[in-house]
Number of protein chains: 2
Amino acid sequence: MRVLAMLDGTLADPEAAHIRVDDLGLLRGDGVFETVLVVDGKPRELGPHLDRLERSARMLELPAPDRAAWEACVQVVLDAWRGPAEMALKLVHTRGPEFGDGTPTGFAIGMPIGEKVLRNRESGVRALTLDRGFDPEIVDRAPWLLLGAKTLSYAVNMAAGRWAEAHDADEVIFMAADGSVLEGPTSNVVIAEGRTLRTTPPSSGILRGTTQGALFRAAEQAGWVTKVEPLTLPELRAADGLFLASSVRKITRVHTLDGEALPDASALHRELNALYESEYA
Amino acid sequence: MRVLAMLDGTLADPEAAHIRVDDLGLLRGDGVFETVLVVDGKPRELGPHLDRLERSARMLELPAPDRAAWEACVQVVLDAWRGPAEMALKLVHTRGPEFGDGTPTGFAIGMPIGEKVLRNRESGVRALTLDRGFDPEIVDRAPWLLLGAKTLSYAVNMAAGRWAEAHDADEVIFMAADGSVLEGPTSNVVIAEGRTLRTTPPSSGILRGTTQGALFRAAEQAGWVTKVEPLTLPELRAADGLFLASSVRKITRVHTLDGEALPDASALHRELNALYESEYA
C-alpha cells in the first residue's frame, strides 16, 4: 500500500515512471526532503517539517517550496490512504530537470512504516559510533558543505547504515572529528540524566530534530530540564538512557553502544514515549 | 539534441519520464555515474570510465554494472547521435526502486558540451579554493564516507560551484583540513613545474582522473616526469601552470586563483592540450 501525489495534487501510480532521467535530484542528489509521521490520518509536526524543508531549500538555493501546494498535496495523500494507522509520508523537492523550464519537481509519497523500524521501537537497538569526518568549527565558515540541510545526497548516510548492519549493529551515531557527538544518519541523539534531557546543537552541523523538538516540548511541560549542547561519547555511555529520535522511530532506545550493553532504560523509555505521545493526545 | 538509451539498449525520449519516484538514486543519491567525452563518434577512455564505475559501485555495495550491457548501451547512443562532433555521454547506475525487485536502474544519455565549458577551455578560468572539511588521514579508516567513489550524492559539489559563481570565480579547488590540495568538484588538479607534471593522490580521498591519466600517459611518452603526490596551495601558486582536467573540460587552464592572477601559461596549455589530443590521433 503506497499513495503517491504529485505537487500539483494529482494522484499517481507509485509503480509507474514520473521522473525524467535529467532530473537534478537524480543526477546530482540536488534536492531536499522530509519524512513525516502520520498517525490515524493526522500528520505530526507538519509545520516544523515544512519549515525545515524551506530551510534546506534555502541552503541549496532551490526555488522556495510552495507551502500551500505542499499542504494540499499532503492532504491528497491523507485522503487516499487506506493502509495501516501509521504512515511514513515522504516529501521530495528537487531542482527539477536539467534541461527543463526551471520548475522544481515535487511529490509526496505515503507508505507503511517498515517492519524493522516497528520492531526496533519495541526492542531497542544496538548502535555503533562512526566518524563523520568533519570538525564542527567548519559549519559556519563553509556553507557549501550544506551541513544542516536535509538533502537527497544521502549516499554516505546509507553507507553508514550498511556498515552498521555488517558489524552487528542496527543504527549509527555519527561523531565529529573533535570527538563530539553529532546525530544518526536519519535521527537525532537524546540522552537522559536524572530529570534532564540533552541533545546535540544544530550549530554542530546536524539537522534540527522535529521529533526531538516535540519530545522536549512535552518534557519541559512535565517539569524536565532540557539542554541543547555538545555531548561526548563518555556522556552517552554514562547516561541513564540513550535514545534516537526520528519521525518513524519515535523515541527508540539504544541498549547497546559499540558492542557494550548500556544500563537498562526500559522504564525511562516508556516514560519518554508517553511524554512524546502526549503531544498528540 | 540529446540521445537517451536505457541499459537494455532501447532508445527512449529524454523528455519523457522513465524513473520511478522511489528510485534510490533519486531518494538517497544512492548510485554512481561517469561522464565520458565522445569525439567524432569515438568515446575517450571508455575502459577507464567503466573501470571506475565498477569501483564506485563496489564502494557503495551496488550490484556490479554489467560491462557488456554498458558497452552495448553506449554504442546505441553513439549510433543514434546526430549532434555536434563532441558529446558528453553520462552513464548512470542506481540501486533501483526501493520497492522494486532489486534490479538496478541504468541509462546512458548523450548531450552537447555546454557553452560555458567550451568557452572556458579557450579562455581559461578563475578558480577559488574551498575547504572540503575532512582530513585525508580519515580516508582509509572511514570507508562509509565513500571518499573516492563517484556517487550521485553531488549536492555539495553543486553548492561549491554556485558559491564560486557568486564569488567571481568559475571553478572550485577543494582543500583538505590539513591544507593539502584535493580536487575540483568535477575535475582533477594538475600543475606543471618545468618538465614535471604533478597531481594529487587518490589516497587523499579524491577520484582517480581519467583525463588526467590520459594526459600523464602522453606526457610520459614525450619525456615529461609525472608525479602523483600531495600538493599544497603555495605549490599551486608557484607552478608554471595550473590546470583542471576532466572529460568535458579536457585540460582547462586556471589563470586566476583566489582572485590573484597566475603567471601566463597559455603556451604551456597549448602544449599539454596537444599532448592530451595526441592520445587519440
# chains A, B, ... in the order shown; residues from 1 in each chain; ligands from 1
>>> interface_residues(of="chain A", to="chain B", cutoff="8 Å", atoms="only C-alpha atoms", output="count of residues only")
39
>>> residues_around(residues="Val74 (chain A)", least_positions_apart="2", cutoff="10 Å", atoms="only C-alpha atoms", output="list in words")
Leu4, Ala5, Met6, Leu7, Gly9, Val36, Pro43, Leu46, Ala68, Ala69, Trp70, Glu71, Ala72, Val76, Val77, Leu78, Asp79, Leu89, Lys90, Leu91, Phe107, Ala108, Ile109 and Gly110 of chain A
>>> select_by_dssp(residues="region 98-205 of chain A", states="strand (DSSP E or B)", output="PyMOL selection string")
chain A and resi 105-112+125-131+134+151+171-175+180-181+184+187-193+196-199
>>> write_last_selection(atoms="C-alpha atoms", output="mmCIF file, in the first residue's frame")
data_model
loop_
_atom_site.group_PDB
_atom_site.id
_atom_site.type_symbol
_atom_site.label_atom_id
_atom_site.label_comp_id
_atom_site.auth_asym_id
_atom_site.auth_seq_id
_atom_site.Cartn_x
_atom_site.Cartn_y
_atom_site.Cartn_z
ATOM 1 C CA THR A 105 9.985 18.514 -9.067
ATOM 2 C CA GLY A 106 7.746 17.839 -6.076
ATOM 3 C CA PHE A 107 5.848 14.842 -4.799
ATOM 4 C CA ALA A 108 4.581 13.260 -1.582
ATOM 5 C CA ILE A 109 4.505 9.517 -1.096
ATOM 6 C CA GLY A 110 2.889 7.697 1.801
ATOM 7 C CA MET A 111 3.974 4.190 2.765
ATOM 8 C CA PRO A 112 3.671 1.867 5.763
ATOM 9 C CA VAL A 125 18.692 -1.104 19.107
ATOM 10 C CA ARG A 126 22.423 -1.695 19.020
ATOM 11 C CA ALA A 127 24.227 1.476 17.861
ATOM 12 C CA LEU A 128 27.712 1.973 16.509
ATOM 13 C CA THR A 129 29.598 5.276 16.614
ATOM 14 C CA LEU A 130 31.186 6.195 13.268
ATOM 15 C CA ASP A 131 33.396 9.133 12.366
ATOM 16 C CA PHE A 134 34.427 16.958 9.823
ATOM 17 C CA THR A 151 19.379 16.904 1.038
ATOM 18 C CA GLU A 171 21.934 2.105 13.982
ATOM 19 C CA VAL A 172 24.770 4.601 13.625
ATOM 20 C CA ILE A 173 25.691 7.621 15.730
ATOM 21 C CA PHE A 174 27.993 9.975 13.842
ATOM 22 C CA MET A 175 30.913 11.557 15.710
ATOM 23 C CA SER A 180 31.777 15.476 19.878
ATOM 24 C CA VAL A 181 28.548 13.589 19.170
ATOM 25 C CA GLY A 184 22.275 9.459 13.499
ATOM 26 C CA SER A 187 17.797 10.547 13.591
ATOM 27 C CA ASN A 188 18.771 12.784 16.499
ATOM 28 C CA VAL A 189 20.579 11.688 19.647
ATOM 29 C CA VAL A 190 18.941 12.292 23.033
ATOM 30 C CA ILE A 191 20.215 11.325 26.469
ATOM 31 C CA ALA A 192 18.501 11.378 29.860
ATOM 32 C CA GLU A 193 20.432 12.221 33.056
ATOM 33 C CA THR A 196 17.351 16.340 32.346
ATOM 34 C CA LEU A 197 17.142 15.623 28.611
ATOM 35 C CA ARG A 198 20.075 16.642 26.423
ATOM 36 C CA THR A 199 20.586 16.715 22.647
#
>>> residues_around(residues="Thr252 (chain A)", least_positions_apart="4", cutoff="9 Å", atoms="only C-alpha atoms", output="MDAnalysis selection string")
chainID A and resid 120:125 242:246 269 273
>>> write_last_selection(atoms="N, CA and C atoms", output="short mmCIF file (atom, residue, chain, number, x, y, z; two decimals), in the first residue's frame")
data_model
loop_
_atom_site.label_atom_id
_atom_site.label_comp_id
_atom_site.auth_asym_id
_atom_site.auth_seq_id
_atom_site.Cartn_x
_atom_site.Cartn_y
_atom_site.Cartn_z
N ASN A 120 12.24 -2.37 16.18
CA ASN A 120 13.25 -1.64 16.96
C ASN A 120 12.63 -0.69 17.98
N ARG A 121 11.47 -0.13 17.64
CA ARG A 121 10.78 0.74 18.60
C ARG A 121 10.50 -0.01 19.88
N GLU A 122 10.16 -1.30 19.76
CA GLU A 122 9.81 -2.12 20.93
C GLU A 122 11.05 -2.64 21.64
N SER A 123 11.98 -3.21 20.86
CA SER A 123 13.08 -3.97 21.48
C SER A 123 14.30 -3.11 21.77
N GLY A 124 14.36 -1.91 21.18
CA GLY A 124 15.58 -1.12 21.29
C GLY A 124 16.60 -1.57 20.25
N VAL A 125 17.71 -0.85 20.17
CA VAL A 125 18.69 -1.10 19.11
C VAL A 125 20.12 -1.13 19.63
N LEU A 242 19.92 6.34 26.58
CA LEU A 242 20.36 6.90 25.30
C LEU A 242 19.29 6.56 24.27
N PHE A 243 18.85 7.57 23.49
CA PHE A 243 17.73 7.37 22.58
C PHE A 243 18.01 7.99 21.22
N LEU A 244 17.40 7.42 20.18
CA LEU A 244 17.42 8.02 18.85
C LEU A 244 16.00 8.46 18.52
N ALA A 245 15.87 9.72 18.15
CA ALA A 245 14.54 10.27 17.86
C ALA A 245 14.43 10.57 16.38
N SER A 246 13.35 10.10 15.77
CA SER A 246 13.04 10.49 14.38
C SER A 246 11.56 10.25 14.17
N HIS A 269 12.35 4.67 28.87
CA HIS A 269 11.85 4.68 27.51
C HIS A 269 10.33 4.80 27.48
N ASN A 273 8.37 7.96 25.90
CA ASN A 273 7.43 7.69 24.82
C ASN A 273 6.05 8.23 25.16
#
>>> select_by_dssp(residues="region 182-219 of chain B", states="alpha helix (DSSP H)", output="VMD selection string")
chain B and resid 210 to 219
>>> closest_residue(among="A:Arg82, A:Arg217, A:Lys116, A:Arg58", to="Glu45 (chain A)", atoms="only C-alpha atoms")
A:Arg217
>>> atom_distance(atom1="CA of Val3 (chain A)", atom2="CA of Ala85 (chain A)")
13.9 Å
>>> decode(residues="region 101-112 of chain A", atoms="all heavy atoms", output="compact mmCIF listing (two decimals), in the first residue's frame")
# COMPACT_ATOMS: atom_id res chain seq x y z
N ASP A 101 12.26 23.73 -17.71
CA ASP A 101 11.94 25.16 -17.71
C ASP A 101 12.19 25.78 -16.34
O ASP A 101 11.76 26.89 -16.07
CB ASP A 101 10.47 25.36 -18.13
CG ASP A 101 9.51 24.67 -17.15
OD1 ASP A 101 9.98 24.10 -16.14
OD2 ASP A 101 8.30 24.70 -17.40
N GLY A 102 12.91 25.05 -15.48
CA GLY A 102 13.24 25.60 -14.17
C GLY A 102 12.23 25.25 -13.09
O GLY A 102 12.42 25.60 -11.92
N THR A 103 11.16 24.55 -13.46
CA THR A 103 10.17 24.15 -12.46
C THR A 103 10.73 23.02 -11.60
O THR A 103 11.20 22.01 -12.13
CB THR A 103 8.88 23.64 -13.14
OG1 THR A 103 8.43 24.63 -14.07
CG2 THR A 103 7.79 23.36 -12.12
N PRO A 104 10.71 23.19 -10.28
CA PRO A 104 11.19 22.10 -9.43
C PRO A 104 10.25 20.90 -9.50
O PRO A 104 9.09 21.03 -9.88
CB PRO A 104 11.20 22.71 -8.03
CG PRO A 104 10.28 23.87 -8.09
CD PRO A 104 10.27 24.36 -9.50
N THR A 105 10.79 19.74 -9.16
CA THR A 105 9.99 18.51 -9.07
C THR A 105 9.52 18.36 -7.62
O THR A 105 10.32 18.53 -6.70
CB THR A 105 10.84 17.30 -9.46
OG1 THR A 105 11.26 17.45 -10.82
CG2 THR A 105 10.08 15.99 -9.31
N GLY A 106 8.24 18.03 -7.43
CA GLY A 106 7.75 17.84 -6.08
C GLY A 106 6.74 16.71 -6.02
O GLY A 106 5.89 16.59 -6.91
N PHE A 107 6.86 15.87 -5.01
CA PHE A 107 5.85 14.84 -4.80
C PHE A 107 5.84 14.42 -3.34
O PHE A 107 6.81 14.65 -2.61
CB PHE A 107 6.07 13.63 -5.71
CG PHE A 107 7.40 12.94 -5.56
CD1 PHE A 107 7.57 11.96 -4.59
CD2 PHE A 107 8.47 13.28 -6.37
CE1 PHE A 107 8.79 11.32 -4.44
CE2 PHE A 107 9.70 12.64 -6.22
CZ PHE A 107 9.86 11.66 -5.26
N ALA A 108 4.72 13.82 -2.93
CA ALA A 108 4.58 13.26 -1.58
C ALA A 108 4.17 11.81 -1.73
O ALA A 108 3.27 11.50 -2.51
CB ALA A 108 3.53 14.04 -0.79
N ILE A 109 4.86 10.93 -1.01
CA ILE A 109 4.51 9.52 -1.10
C ILE A 109 4.34 8.94 0.30
O ILE A 109 5.22 9.09 1.16
CB ILE A 109 5.52 8.72 -1.95
CG1 ILE A 109 5.09 7.25 -2.06
CG2 ILE A 109 6.95 8.85 -1.45
CD1 ILE A 109 5.77 6.49 -3.18
N GLY A 110 3.18 8.32 0.52
CA GLY A 110 2.89 7.70 1.80
C GLY A 110 3.12 6.20 1.71
O GLY A 110 2.79 5.58 0.70
N MET A 111 3.72 5.64 2.74
CA MET A 111 3.97 4.19 2.77
C MET A 111 3.90 3.69 4.20
O MET A 111 4.01 4.49 5.14
CB MET A 111 5.34 3.89 2.14
CG MET A 111 6.51 4.54 2.85
SD MET A 111 8.00 4.63 1.79
CE MET A 111 7.99 6.36 1.30
N PRO A 112 3.71 2.39 4.39
CA PRO A 112 3.67 1.87 5.76
C PRO A 112 5.06 1.99 6.41
O PRO A 112 6.06 2.05 5.72
CB PRO A 112 3.31 0.38 5.57
CG PRO A 112 2.83 0.25 4.15
CD PRO A 112 3.50 1.34 3.39
